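Q: So here's structure-v6.txt (compact mmCIF, C-alpha atoms).
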```txt
# COMPACT_ATOMS: atom_id res chain seq x y z
CA MET A 1 206.06 341.20 82.21
CA ALA A 2 208.58 342.06 84.87
CA THR A 3 211.57 341.77 82.57
CA THR A 4 211.42 342.37 78.87
CA SER A 5 213.11 340.37 76.19
CA LYS A 6 215.47 343.26 75.59
CA GLN A 7 216.41 343.40 79.23
CA TYR A 8 217.21 339.70 79.25
CA LYS A 9 219.39 340.17 76.20
CA ALA A 10 221.23 342.95 78.01
CA ILE A 11 221.71 340.80 81.10
CA GLY A 12 223.05 338.00 78.95
CA GLU A 13 225.44 340.37 77.22
CA ASP A 14 226.68 341.72 80.54
CA ILE A 15 227.34 338.28 81.94
CA TRP A 16 229.20 337.26 78.82
CA LYS A 17 231.34 340.38 78.89
CA GLY A 18 232.04 339.86 82.57
CA ARG A 19 233.25 336.28 82.17
CA THR A 20 236.89 336.34 83.03
CA GLU A 21 237.80 333.18 81.26
CA LYS A 22 236.97 332.63 77.66
CA ILE A 23 238.42 330.00 75.43
CA ASN A 24 238.63 329.55 71.72
CA ALA A 25 235.44 327.85 70.57
CA GLU A 26 237.43 325.85 68.07
CA LEU A 27 239.13 323.93 70.86
CA PHE A 28 235.72 323.06 72.19
CA ALA A 29 234.33 322.03 68.82
CA LEU A 30 237.35 319.87 68.01
CA THR A 31 237.34 318.16 71.40
CA TYR A 32 233.62 317.50 71.25
CA GLY A 33 233.87 316.15 67.72
CA ALA A 34 236.62 313.73 68.62
CA LEU A 35 234.65 312.63 71.65
CA VAL A 36 231.57 311.85 69.55
CA VAL A 37 233.68 309.82 67.13
CA GLN A 38 235.17 307.85 70.01
CA LEU A 39 231.74 307.15 71.48
CA VAL A 40 230.46 305.92 68.13
CA GLN A 41 233.43 303.55 67.94
CA ASP A 42 232.96 302.34 71.51
CA TYR A 43 229.21 301.83 71.53
CA GLU A 44 228.64 300.91 67.88
CA ASP A 45 225.05 302.09 68.36
CA TYR A 46 223.86 305.58 67.51
CA GLY A 47 220.92 305.41 69.89
CA GLU A 48 223.24 304.56 72.73
CA VAL A 49 225.59 307.38 71.78
CA ASN A 50 222.63 309.79 71.88
CA THR A 51 221.88 308.52 75.38
CA GLN A 52 225.46 308.89 76.55
CA LEU A 53 225.74 312.41 75.17
CA GLU A 54 222.51 313.36 76.92
CA LYS A 55 223.70 311.84 80.18
CA MET A 56 226.99 313.69 79.95
CA GLY A 57 225.05 316.87 79.29
CA TYR A 58 222.86 316.23 82.30
CA ASN A 59 225.89 316.06 84.57
CA ILE A 60 227.34 319.21 83.04
CA GLY A 61 224.00 320.99 83.41
CA THR A 62 223.75 320.27 87.11
CA ARG A 63 227.06 322.08 87.60
CA LEU A 64 226.44 324.90 85.13
CA ILE A 65 223.24 326.00 86.82
CA GLU A 66 225.08 326.77 90.07
CA ASP A 67 227.55 328.88 88.18
CA PHE A 68 224.71 330.56 86.32
CA LEU A 69 222.68 331.38 89.40
CA ALA A 70 225.71 332.80 91.13
CA ARG A 71 226.54 335.10 88.25
CA SER A 72 223.16 336.14 87.00
CA ALA A 73 221.48 337.00 90.30
CA LEU A 74 218.15 336.40 88.61
CA GLY A 75 215.23 335.51 90.80
CA ARG A 76 212.82 332.66 90.27
CA CYS A 77 211.01 332.67 86.95
CA ALA A 78 207.29 333.47 87.12
CA ASP A 79 206.31 330.79 84.62
CA PHE A 80 207.68 328.37 82.09
CA ARG A 81 207.54 331.00 79.39
CA GLU A 82 209.95 333.11 81.37
CA VAL A 83 212.17 330.08 81.89
CA GLY A 84 212.48 329.80 78.15
CA GLU A 85 213.35 333.46 77.78
CA VAL A 86 216.06 333.23 80.42
CA VAL A 87 217.48 330.03 78.94
CA ALA A 88 217.64 331.45 75.44
CA LYS A 89 218.79 334.98 76.13
CA VAL A 90 220.85 334.66 79.27
CA GLY A 91 221.86 331.02 79.65
CA PHE A 92 223.08 330.27 76.15
CA LYS A 93 224.66 333.70 75.93
CA ALA A 94 226.58 333.36 79.18
CA PHE A 95 228.18 330.03 78.32
CA LEU A 96 228.21 329.67 74.56
CA ASN A 97 227.91 333.27 73.45
CA ILE A 98 224.97 332.52 71.21
CA THR A 99 221.34 333.57 71.43
CA PRO A 100 218.94 331.03 69.98
CA THR A 101 215.54 332.34 68.98
CA ILE A 102 212.61 331.02 70.92
CA THR A 103 209.02 330.12 70.17
CA HIS A 104 206.65 329.28 72.98
CA ALA A 105 203.81 326.82 72.93
CA ALA A 106 201.03 326.26 75.42
CA PRO A 107 200.08 322.66 76.26
CA ALA A 108 197.58 320.86 73.97
CA PRO A 109 195.79 322.05 71.93
CA ALA A 110 199.32 322.86 70.85
CA SER A 111 199.08 326.01 68.81
CA PRO A 112 202.23 328.15 69.07
CA THR A 113 201.48 331.45 70.76
CA ARG A 114 203.46 334.62 70.30
CA PRO A 115 205.53 335.64 73.34
CA GLY A 116 203.35 337.60 75.71
CA GLY A 117 200.17 336.03 74.40
CA ALA A 118 199.76 332.97 76.61
CA PRO A 119 197.78 333.40 79.83
CA GLY A 120 199.86 332.77 82.94
CA ALA A 121 198.02 329.68 84.10
CA GLN A 122 198.38 327.86 80.83
CA ALA A 123 202.04 328.77 80.52
CA ASN A 124 202.73 326.86 83.68
CA ALA A 125 200.81 323.71 82.99
CA ALA A 126 202.54 320.44 82.35
CA GLY A 127 203.01 320.12 78.64
CA ALA A 128 203.97 323.74 78.16
CA SER A 129 206.97 323.95 75.93
CA PHE A 130 209.33 326.20 74.06
CA THR A 131 211.46 325.56 71.03
CA LEU A 132 214.95 326.93 70.68
CA THR A 133 216.21 327.53 67.18
CA LEU A 134 219.98 327.67 66.96
CA ASP A 135 221.23 329.79 64.07
CA GLU A 136 224.74 328.99 65.08
CA ASN A 137 226.00 325.95 66.92
CA PRO A 138 229.52 326.21 68.36
CA LEU A 139 229.66 322.43 68.73
CA ALA A 140 229.23 321.80 65.07
CA GLU A 141 231.69 324.25 63.59
CA PHE A 142 233.53 322.09 61.13
CA VAL A 143 231.29 319.09 61.13
CA GLU A 144 229.78 317.23 58.26
CA LEU A 145 228.17 313.93 59.02
CA PRO A 146 228.60 310.95 56.73
CA GLU A 147 225.52 309.28 55.26
CA GLU A 148 225.40 306.30 57.59
CA VAL A 149 225.51 308.50 60.65
CA LEU A 150 222.62 310.55 59.32
CA GLU A 151 220.61 307.44 58.71
CA GLY A 152 221.64 305.89 61.99
CA GLY A 153 219.81 308.59 63.93
CA LEU A 154 222.65 310.35 65.70
CA TRP A 155 221.82 313.72 67.21
CA TYR A 156 225.31 315.17 67.16
CA SER A 157 224.70 317.96 69.67
CA ASN A 158 222.57 315.92 72.04
CA VAL A 159 224.72 317.02 74.95
CA LEU A 160 222.79 320.30 74.83
CA CYS A 161 219.53 318.52 75.60
CA GLY A 162 221.12 316.93 78.63
CA VAL A 163 222.47 320.25 79.85
CA LEU A 164 218.99 321.75 79.68
CA ARG A 165 217.44 318.82 81.50
CA GLY A 166 220.10 318.78 84.23
CA ALA A 167 220.14 322.51 84.80
CA LEU A 168 216.36 322.83 84.97
CA GLU A 169 216.02 319.84 87.26
CA MET A 170 218.24 321.61 89.78
CA VAL A 171 215.75 324.46 89.81
CA GLN A 172 212.83 322.17 90.41
CA MET A 173 211.58 321.54 86.90
CA GLN A 174 211.40 318.17 85.27
CA VAL A 175 211.62 318.64 81.54
CA GLN A 176 212.10 316.68 78.40
CA ALA A 177 214.51 318.20 75.94
CA ASN A 178 214.84 316.77 72.45
CA PHE A 179 216.19 317.72 69.08
CA MET A 180 213.47 318.25 66.51
CA SER A 181 215.79 318.95 63.60
CA ASP A 182 219.44 319.62 62.85
CA VAL A 183 221.11 321.32 59.90
CA LEU A 184 223.85 318.70 60.21
CA ARG A 185 221.25 316.19 59.15
CA GLY A 186 220.22 318.29 56.19
CA ASP A 187 217.22 319.84 57.93
CA GLU A 188 216.20 323.45 57.49
CA ALA A 189 217.03 324.46 61.02
CA THR A 190 218.51 323.22 64.28
CA GLU A 191 215.77 323.07 66.88
CA ILE A 192 215.50 321.80 70.43
CA ARG A 193 212.11 321.44 72.04
CA VAL A 194 211.91 321.70 75.81
CA THR A 195 208.68 320.44 77.38
CA LEU A 196 207.70 320.82 81.00
CA VAL A 197 206.78 317.49 82.54
CA LYS A 198 206.14 318.75 86.04
CA TYR A 199 207.40 320.94 88.80
CA LEU A 200 209.40 319.10 91.44
CA GLU A 201 208.85 319.43 95.15
CA GLU A 202 211.76 320.87 97.06
CA GLU A 203 213.47 317.83 98.48
CA VAL A 204 216.36 317.04 100.70
CA PRO A 205 219.24 316.78 98.24
CA VAL A 206 219.91 313.21 97.18
CA GLY A 207 223.35 311.69 97.16
CA ASP A 208 225.70 311.58 94.18
CA ASP A 209 224.38 310.21 90.88
CA MET B 1 253.59 338.32 54.86
CA VAL B 2 251.70 341.35 56.08
CA PRO B 3 250.56 340.60 59.63
CA SER B 4 247.89 343.29 59.83
CA LEU B 5 246.24 342.20 56.59
CA ALA B 6 246.17 338.62 57.74
CA ALA B 7 244.47 339.73 60.94
CA VAL B 8 241.76 341.47 58.97
CA ALA B 9 241.29 338.49 56.70
CA GLU B 10 240.71 336.08 59.59
CA PRO B 11 237.14 335.85 60.85
CA PRO B 12 236.71 336.98 64.47
CA VAL B 13 237.67 334.28 66.92
CA ARG B 14 234.59 332.61 68.34
CA GLN B 15 234.76 332.04 72.03
CA ILE B 16 232.91 330.16 74.69
CA ASP B 17 233.01 330.32 78.46
CA GLY B 18 236.03 328.76 80.17
CA ALA B 19 234.09 327.29 83.07
CA ALA B 20 231.70 325.54 80.70
CA MET B 21 234.70 324.00 78.95
CA ASP B 22 236.11 322.82 82.29
CA TYR B 23 232.87 321.11 83.25
CA PHE B 24 232.70 319.58 79.81
CA ILE B 25 236.19 318.10 80.10
CA ILE B 26 235.45 316.67 83.54
CA GLU B 27 232.32 314.97 82.31
CA ALA B 28 233.97 313.89 79.07
CA VAL B 29 236.51 311.98 81.15
CA ASN B 30 233.72 310.19 83.02
CA THR B 31 231.89 309.45 79.79
CA LEU B 32 235.01 308.01 78.19
CA ARG B 33 235.75 305.91 81.24
CA ALA B 34 232.37 304.27 80.78
CA SER B 35 232.65 303.88 77.02
CA ALA B 36 236.16 302.42 77.32
CA ALA B 37 234.80 299.81 79.70
CA VAL B 38 231.99 298.94 77.29
CA ALA B 39 234.41 298.57 74.40
CA ALA B 40 236.77 296.46 76.50
CA ALA B 41 233.96 294.19 77.65
CA ARG B 42 232.83 293.69 74.08
CA ALA B 43 236.35 292.84 72.97
CA LYS B 44 236.69 290.36 75.83
CA LYS B 45 233.40 288.77 74.91
CA ILE B 46 234.48 288.32 71.32
CA GLU B 47 237.76 286.90 72.49
CA GLN B 48 235.94 284.45 74.76
CA GLU B 49 233.65 283.39 71.92
CA MET B 50 236.65 282.69 69.78
CA ILE B 51 238.24 280.68 72.56
CA ASP B 52 235.01 278.74 73.07
CA GLY B 53 234.77 278.15 69.35
CA GLY B 54 238.25 276.75 69.32
CA LEU B 55 239.49 279.49 67.02
CA ILE B 56 242.16 280.69 69.38
CA PRO B 57 243.86 278.91 72.25
CA PRO B 58 242.82 279.76 75.82
CA PRO B 59 245.09 282.21 77.65
CA ALA B 60 248.29 280.56 78.88
CA SER B 61 248.01 281.70 82.48
CA GLY B 62 244.83 279.77 83.21
CA PRO B 63 241.08 280.64 83.46
CA PRO B 64 240.08 284.32 83.07
CA ALA B 65 239.12 284.70 86.75
CA ALA B 66 242.62 283.87 87.88
CA GLN B 67 244.04 286.17 85.27
CA ARG B 68 242.12 289.12 86.65
CA ASP B 69 243.35 288.47 90.16
CA SER B 70 246.91 288.63 88.99
CA VAL B 71 246.61 292.30 87.98
CA SER B 72 248.77 294.08 90.47
CA SER B 73 247.18 297.50 90.85
CA ASN B 74 244.59 298.55 93.43
CA ILE B 75 241.40 296.85 92.47
CA SER B 76 238.08 297.97 93.79
CA ARG B 77 235.06 296.34 92.29
CA ASN B 78 232.04 298.39 91.41
CA SER B 79 233.46 301.63 92.60
CA LEU B 80 230.54 304.03 92.97
CA SER B 81 232.78 307.04 92.66
CA GLY B 82 233.61 306.05 89.10
CA GLN B 83 237.32 305.61 89.65
CA PRO B 84 239.05 303.30 87.21
CA THR B 85 239.11 299.80 88.63
CA THR B 86 242.06 298.24 86.84
CA GLU B 87 245.21 299.31 85.09
CA ASP B 88 243.76 298.16 81.78
CA GLU B 89 240.71 300.33 82.17
CA GLU B 90 242.77 303.30 83.20
CA GLU B 91 244.97 302.76 80.16
CA GLY B 92 241.91 302.53 77.90
CA LEU B 93 240.73 305.87 79.21
CA ARG B 94 244.15 307.46 78.98
CA ALA B 95 244.58 306.29 75.39
CA ARG B 96 241.23 307.75 74.40
CA LEU B 97 242.03 311.09 75.97
CA GLU B 98 245.34 311.18 74.16
CA ALA B 99 243.70 310.28 70.85
CA ILE B 100 241.26 313.15 71.23
CA GLY B 101 244.20 315.41 71.98
CA VAL B 102 245.98 314.28 68.82
CA HIS B 103 242.96 315.27 66.74
CA VAL B 104 242.68 318.65 68.43
CA GLY B 105 246.41 319.35 68.25
CA ALA B 106 246.68 318.52 64.57
CA ASN B 107 243.83 320.84 63.67
CA VAL B 108 244.94 323.69 65.90
CA ALA B 109 248.50 323.48 64.58
CA GLU B 110 247.22 323.48 61.04
CA ARG B 111 245.24 326.65 61.60
CA LEU B 112 248.00 328.41 63.49
CA SER B 113 250.79 327.58 61.09
CA HIS B 114 249.01 328.02 57.82
CA ASP B 115 250.18 331.56 57.26
CA ARG B 116 253.75 331.16 58.22
CA ALA B 117 256.77 329.84 56.42
CA MET B 118 257.86 326.22 56.74
CA PHE B 119 259.75 325.39 59.90
CA THR B 120 263.47 325.54 59.32
CA ASP B 121 264.37 322.87 61.82
CA THR B 122 263.18 320.85 64.77
CA LEU B 123 263.99 323.55 67.28
CA ASP B 124 261.86 325.96 65.29
CA ALA B 125 258.94 323.57 65.45
CA VAL B 126 259.39 323.00 69.18
CA LYS B 127 259.49 326.74 69.78
CA PHE B 128 256.22 327.02 67.88
CA ILE B 129 254.77 324.50 70.28
CA CYS B 130 256.12 326.37 73.27
CA LYS B 131 254.76 329.71 72.16
CA ASP B 132 251.97 329.57 69.63
CA LEU B 133 250.34 326.28 70.50
CA TRP B 134 250.61 326.84 74.23
CA ALA B 135 249.09 330.33 73.92
CA ALA B 136 246.21 329.08 71.78
CA CYS B 137 245.36 326.23 74.11
CA TRP B 138 246.49 327.32 77.56
CA ASP B 139 246.76 331.10 77.50
CA LYS B 140 250.45 331.39 78.19
CA GLN B 141 253.80 330.20 76.97
CA VAL B 142 256.00 327.43 78.23
CA ASP B 143 258.11 328.64 81.15
CA ASN B 144 261.23 326.65 80.47
CA LEU B 145 262.62 324.74 77.49
CA ARG B 146 265.61 322.45 77.78
CA THR B 147 267.23 320.22 75.21
CA ASN B 148 270.11 317.84 74.96
CA HIS B 149 270.59 318.87 71.32
CA ARG B 150 270.10 315.27 70.33
CA GLY B 151 266.38 315.19 69.79
CA VAL B 152 265.13 315.33 73.38
CA TYR B 153 263.30 318.42 74.58
CA VAL B 154 261.80 319.07 77.97
CA LEU B 155 259.04 321.66 78.17
CA GLN B 156 258.17 322.95 81.60
CA ASP B 157 255.04 324.82 82.59
CA ASN B 158 255.00 325.96 86.20
CA ALA B 159 251.26 326.47 86.31
CA PHE B 160 249.78 324.20 83.70
CA LYS B 161 246.25 325.33 83.06
CA PRO B 162 244.46 321.95 82.83
CA ILE B 163 245.71 320.99 86.27
CA THR B 164 245.77 324.28 88.15
CA ARG B 165 242.32 323.75 89.51
CA ILE B 166 242.32 320.12 90.43
CA SER B 167 240.97 319.97 93.91
CA GLY B 168 241.69 316.89 95.87
CA TRP B 169 239.09 316.36 98.53
CA GLU B 170 240.63 312.97 99.12
CA GLY B 171 244.16 314.18 99.48
CA ARG B 172 247.28 314.75 97.49
CA ALA B 173 247.82 311.23 96.16
CA ASN B 174 244.42 311.27 94.57
CA SER B 175 244.91 314.75 93.14
CA LEU B 176 248.11 313.57 91.55
CA ARG B 177 246.41 310.57 90.05
CA LYS B 178 243.61 312.72 88.66
CA ALA B 179 246.12 315.19 87.30
CA LYS B 180 247.96 312.42 85.47
CA LEU B 181 244.74 311.65 83.68
CA TYR B 182 244.08 315.28 82.84
CA VAL B 183 247.43 315.73 81.14
CA ALA B 184 246.79 312.86 78.75
CA MET B 185 244.81 315.04 76.37
CA PRO B 186 247.36 317.88 76.40
CA ALA B 187 250.12 315.34 75.68
CA GLY B 188 248.06 314.26 72.70
CA ILE B 189 247.60 317.85 71.60
CA ILE B 190 251.37 318.36 71.53
CA LYS B 191 251.88 315.05 69.76
CA GLY B 192 249.18 315.80 67.18
CA ALA B 193 250.55 319.27 66.54
CA LEU B 194 254.09 318.01 65.99
CA HIS B 195 252.85 315.27 63.74
CA ARG B 196 250.93 317.77 61.65
CA LEU B 197 254.09 319.80 61.33
CA GLY B 198 255.88 316.75 60.05
CA TYR B 199 257.58 315.46 63.19
CA GLN B 200 256.82 312.08 64.68
CA ALA B 201 257.45 312.60 68.34
CA ALA B 202 256.96 310.65 71.50
CA VAL B 203 255.47 312.89 74.18
CA VAL B 204 255.64 311.93 77.83
CA PRO B 205 254.01 314.13 80.46
CA GLU B 206 255.28 314.22 83.99
CA ILE B 207 253.87 315.83 87.07
CA THR B 208 255.98 315.92 90.17
CA SER B 209 254.15 318.61 92.07
CA LEU B 210 250.94 320.34 91.13
CA PRO B 211 250.47 322.59 89.29
CA GLN B 212 253.80 322.17 87.58
CA CYS B 213 254.01 319.88 84.59
CA THR B 214 256.75 318.88 82.19
CA PHE B 215 256.51 317.25 78.80
CA GLN B 216 259.39 315.28 77.42
CA LEU B 217 259.51 315.26 73.63
CA LYS B 218 261.62 312.76 71.73
CA LEU B 219 262.00 313.79 68.15
CA PRO B 220 263.80 311.74 65.53
CA LYS B 221 267.39 312.77 64.95
CA GLY B 222 268.35 314.99 62.05
CA THR B 223 267.08 318.38 60.75
```
What do you get writing this file as structure tokens?
A:
Amino acid sequence: MATTSKQYKAIGEDIWKGRTEKINAELFALTYGALVVQLVQDYEDYGEVNTQLEKMGYNIGTRLIEDFLARSALGRCADFREVGEVVAKVGFKAFLNITPTITHAAPAPASPTRPGGAPGAQANAAGASFTLTLDENPLAEFVELPEEVLEGGLWYSNVLCGVLRGALEMVQMQVQANFMSDVLRGDEATEIRVTLVKYLEEEVPVGDD
Amino acid sequence: MVPSLAAVAEPPVRQIDGAAMDYFIIEAVNTLRASAAVAAARAKKIEQEMIDGGLIPPPASGPPAAQRDSVSSNISRNSLSGQPTTEDEEEGLRARLEAIGVHVGANVAERLSHDRAMFTDTLDAVKFICKDLWAACWDKQVDNLRTNHRGVYVLQDNAFKPITRISGWEGRANSLRKAKLYVAMPAGIIKGALHRLGYQAAVVPEITSLPQCTFQLKLPKGT
């Protein structure tokens, strides 16, 4: 491996320390919470709210990646496994100051492999995935969801899935990012699974969304 | 109160990146523009069903199509750039941004003021807004505070953070219009904070030239 897990952690830490503008995470959590409530009122459909949050995240992600690439000066990732490492240890750290833990999985037969175990070719195949486990979630600081929201299927932090999808698409990867579980829903952990659909050809940039 | 003890008792302030927050706000505005339109369309549909069902009389000014034409602002149908198309839609968006601000402001004010003594009077509360709230939200204090001593206060910030970076590729008029939208949430924050402190205030933002912004607060007379 060219860069170790520890080195990525250090890079993430450096970027975070070097960020000139930091804001109180509470402001963010409160604003996001009020936004979700408003969307629930406007759409009256939890599935639709999930979609809108993801879409919003996608747009944010397409902008964040530029910022990230400019500040991190990291080269292209060798494989999807490395993508996961960078996302977890550098990406999340740089913007949200958290470091989710990561488990990698090769494409079917889907048996989770320990980092460093998967052969390079398999780690790049469509269907390769990694799962991010968030021990802390700055979005959900003071949030408790009422029963009907839990049953309605809302993924409160779905914006994060969109951010991942948007950011990775800008670096030529089409992925699916979905919540697997959320402590807000009473689950054991908060997990996002990111699955590689395919690599994208370099194209002439398309117009605005 | 022992300030240093209080500092130790508070958990460390969690932070996130400022640029990420900026992008989030920009996209939140777009998301709310869309959701406001959906909610408005649904309300119109319900209204139309009630009219059709004879439950309410049809609008006095004639059929709905004519009514829409009579709206006086710049109307551009199906604007691809996502700009608000009517005054109503712009108002729906502005109201939502302000409502979010109210929620944020109330909670922030609650946290900030929970250690201190009750506010002795209105001026005290306004000063809290100018110093503590402003610092917590926008990293500085208000530059200028004026009052007519009869319940009206004007807070001036010469470089108001939410609008310092509005870039207008389309020119100044558009930047100004965008800025007016971006101060809706801050106006709500101030309003929510004051309300939480016990003061019902009307808060009106005004931008004459970027990045300067003033907020006019009208507090009820007395205290």
Q: Grab all the atoms of region 121-135 of chain B that the file lists, wrap them in a box along x, y and z, add 5 Å per side, and give me centre plus edge lengths in Å (one decimal) as lines of an AutoDock Vina configuration file.
A:
```
center_x = 256.7
center_y = 325.6
center_z = 68.0
size_x = 25.3
size_y = 19.5
size_z = 22.4
```
Q: Give me the residues within 8 Å of region 72-85 of chain A as a short mmCIF file (atom, residue, chain, number, x, y, z; two decimals) with C-alpha atoms, keeping the file's coordinate frame, counting all atoms listed in the file and dropping any in the same chain fewer than 2 places off.
A:
```
data_model
loop_
_atom_site.label_atom_id
_atom_site.label_comp_id
_atom_site.auth_asym_id
_atom_site.auth_seq_id
_atom_site.Cartn_x
_atom_site.Cartn_y
_atom_site.Cartn_z
CA SER A 5 213.11 340.37 76.19
CA TYR A 8 217.21 339.70 79.25
CA ILE A 11 221.71 340.80 81.10
CA ILE A 15 227.34 338.28 81.94
CA PHE A 68 224.71 330.56 86.32
CA LEU A 69 222.68 331.38 89.40
CA ALA A 70 225.71 332.80 91.13
CA VAL A 87 217.48 330.03 78.94
CA ALA A 88 217.64 331.45 75.44
CA LYS A 89 218.79 334.98 76.13
CA VAL A 90 220.85 334.66 79.27
CA ILE A 102 212.61 331.02 70.92
CA HIS A 104 206.65 329.28 72.98
CA PRO A 115 205.53 335.64 73.34
CA GLY A 120 199.86 332.77 82.94
CA ALA A 123 202.04 328.77 80.52
CA ASN A 124 202.73 326.86 83.68
CA ALA A 128 203.97 323.74 78.16
CA SER A 129 206.97 323.95 75.93
CA PHE A 130 209.33 326.20 74.06
CA LEU A 196 207.70 320.82 81.00
#
```
Q: Taking all atoms listed in the file into account, name the residue in A:Thr62, A:Thr133, A:Asn178, A:Thr103 that is nearest to Gly166 (chain A).
A: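 Answer, going by the shortest atom-to-atom distance: A:Thr62.
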Q: Please identify all polymer residues within 9 Å of Glu89 (chain B), counting all atoms listed in the file, omitting same-chain residues fewer than 3 positions from it, and present them as a list in words.
A: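 After dropping sequence-adjacent residues, the list is Arg33, Ala36, Ala37, Ala40, Pro84, Thr85, Thr86, Gly92, Leu93 and Arg94 of chain B.
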Q: Give me the chain A side of the contact with chain B, cut-off 7 Å, one line per residue showing its nearest atom pair and distance in Å at one decimal, counting all atoms listed in the file, sorted by chain and residue number, as a tab-separated table.
A:
```
residue	atom	partner	partner_atom	distance
A:Glu21	CA	B:Gly18	CA	4.9
A:Lys22	CA	B:Asp17	CA	4.7
A:Ile23	CA	B:Gln15	CA	5.4
A:Asn24	CA	B:Gln15	CA	4.6
A:Ala25	CA	B:Gln15	CA	4.5
A:Leu27	CA	B:Val104	CA	6.8
A:Phe28	CA	B:Met21	CA	6.9
A:Leu30	CA	B:Val104	CA	5.5
A:Thr31	CA	B:Val104	CA	6.1
A:Ala34	CA	B:Ile100	CA	5.4
A:Leu35	CA	B:Ile100	CA	6.6
A:Leu39	CA	B:Ser35	CA	6.5
A:Asp42	CA	B:Ala39	CA	5.0
A:Tyr43	CA	B:Ala39	CA	6.8
A:Met56	CA	B:Glu27	CA	6.0
A:Asn59	CA	B:Glu27	CA	6.9
A:Ile60	CA	B:Tyr23	CA	5.9
A:Leu64	CA	B:Ala20	CA	6.9
A:Phe95	CA	B:Asp17	CA	4.8
A:Leu96	CA	B:Ile16	CA	4.7
A:Asn97	CA	B:Ile16	CA	6.0
```
Q: Between CA of Asn50 (chain A) and CA of Tyr156 (chain A), what distance in Å does the model show, to one decimal?
A: 7.6 Å
Q: Can you measure CA of Leu164 (chain A) to CA of Val143 (chain A) for me? One decimal in Å is fine.
A: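 According to the coordinates, CA of Leu164 (chain A) and CA of Val143 (chain A) are separated by 22.4 Å.
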Q: CA of Lys93 (chain A) and CA of Gly18 (chain A), how far apart in Å?
A: 11.7 Å
Q: Any idea what's packed within 8 Å of Leu160 (chain A), counting only C-alpha atoms, ignoring anything in its chain fewer than 3 positions away? Could you give it as a ChimeraX atom specification?
A: /A:54,57,157,163-164
Q: From (259.0, 313.8, 70.8), in the file's coordinates, out to 6 Å: which residues are reached, counting all atoms listed in the file? Answer as a short mmCIF file (atom, residue, chain, number, x, y, z; two decimals) with C-alpha atoms, in the coordinates of the input.
A:
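After the write, out-v4.cif holds the following:
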```cif
data_model
loop_
_atom_site.label_atom_id
_atom_site.label_comp_id
_atom_site.auth_asym_id
_atom_site.auth_seq_id
_atom_site.Cartn_x
_atom_site.Cartn_y
_atom_site.Cartn_z
CA ALA B 201 257.45 312.60 68.34
CA ALA B 202 256.96 310.65 71.50
CA VAL B 203 255.47 312.89 74.18
CA LEU B 217 259.51 315.26 73.63
CA LYS B 218 261.62 312.76 71.73
CA LEU B 219 262.00 313.79 68.15
#
```
Q: Considering all atoms listed in the file, can you say which of A:Ile65, A:Leu53, A:Ile98, A:Val40 comes closest to Leu134 (chain A)?
A: A:Ile98
Q: Excluding Tyr199 (chain B) and residues on its chain fewer than 2 positions from it, collect all residues at most 9 Å away from it, counting all atoms listed in the file, and give them as number ranges by chain.
A: B: 122, 125, 191, 193-197, 201, 219-220
Q: From the set B:Ala41, B:His114, B:Glu98, B:Leu210, which residue has the shortest atom-to-atom contact distance to Asn174 (chain B), counting all atoms listed in the file?
A: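 Using all atoms listed in the file, Asn174 (chain B) sits closest to B:Leu210.
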Q: Residues at most 12 Å from region 146-148 of chain B, counting all atoms listed in the file, excluding those fewer than 6 positions away in the same chain, as a PDB file with C-alpha atoms, in the coordinates of the input?
A:
```pdb
ATOM      1  CA  THR B 122     263.180 320.850  64.770  1.00  0.00           C
ATOM      2  CA  LEU B 123     263.990 323.550  67.280  1.00  0.00           C
ATOM      3  CA  VAL B 126     259.390 323.000  69.180  1.00  0.00           C
ATOM      4  CA  LYS B 127     259.490 326.740  69.780  1.00  0.00           C
ATOM      5  CA  CYS B 130     256.120 326.370  73.270  1.00  0.00           C
ATOM      6  CA  VAL B 154     261.800 319.070  77.970  1.00  0.00           C
ATOM      7  CA  LEU B 155     259.040 321.660  78.170  1.00  0.00           C
ATOM      8  CA  GLN B 156     258.170 322.950  81.600  1.00  0.00           C
ATOM      9  CA  ASP B 157     255.040 324.820  82.590  1.00  0.00           C
ATOM     10  CA  THR B 214     256.750 318.880  82.190  1.00  0.00           C
ATOM     11  CA  PHE B 215     256.510 317.250  78.800  1.00  0.00           C
ATOM     12  CA  GLN B 216     259.390 315.280  77.420  1.00  0.00           C
ATOM     13  CA  LEU B 217     259.510 315.260  73.630  1.00  0.00           C
ATOM     14  CA  LYS B 218     261.620 312.760  71.730  1.00  0.00           C
ATOM     15  CA  LEU B 219     262.000 313.790  68.150  1.00  0.00           C
ATOM     16  CA  LYS B 221     267.390 312.770  64.950  1.00  0.00           C
TER      17      LYS B 221
END
```
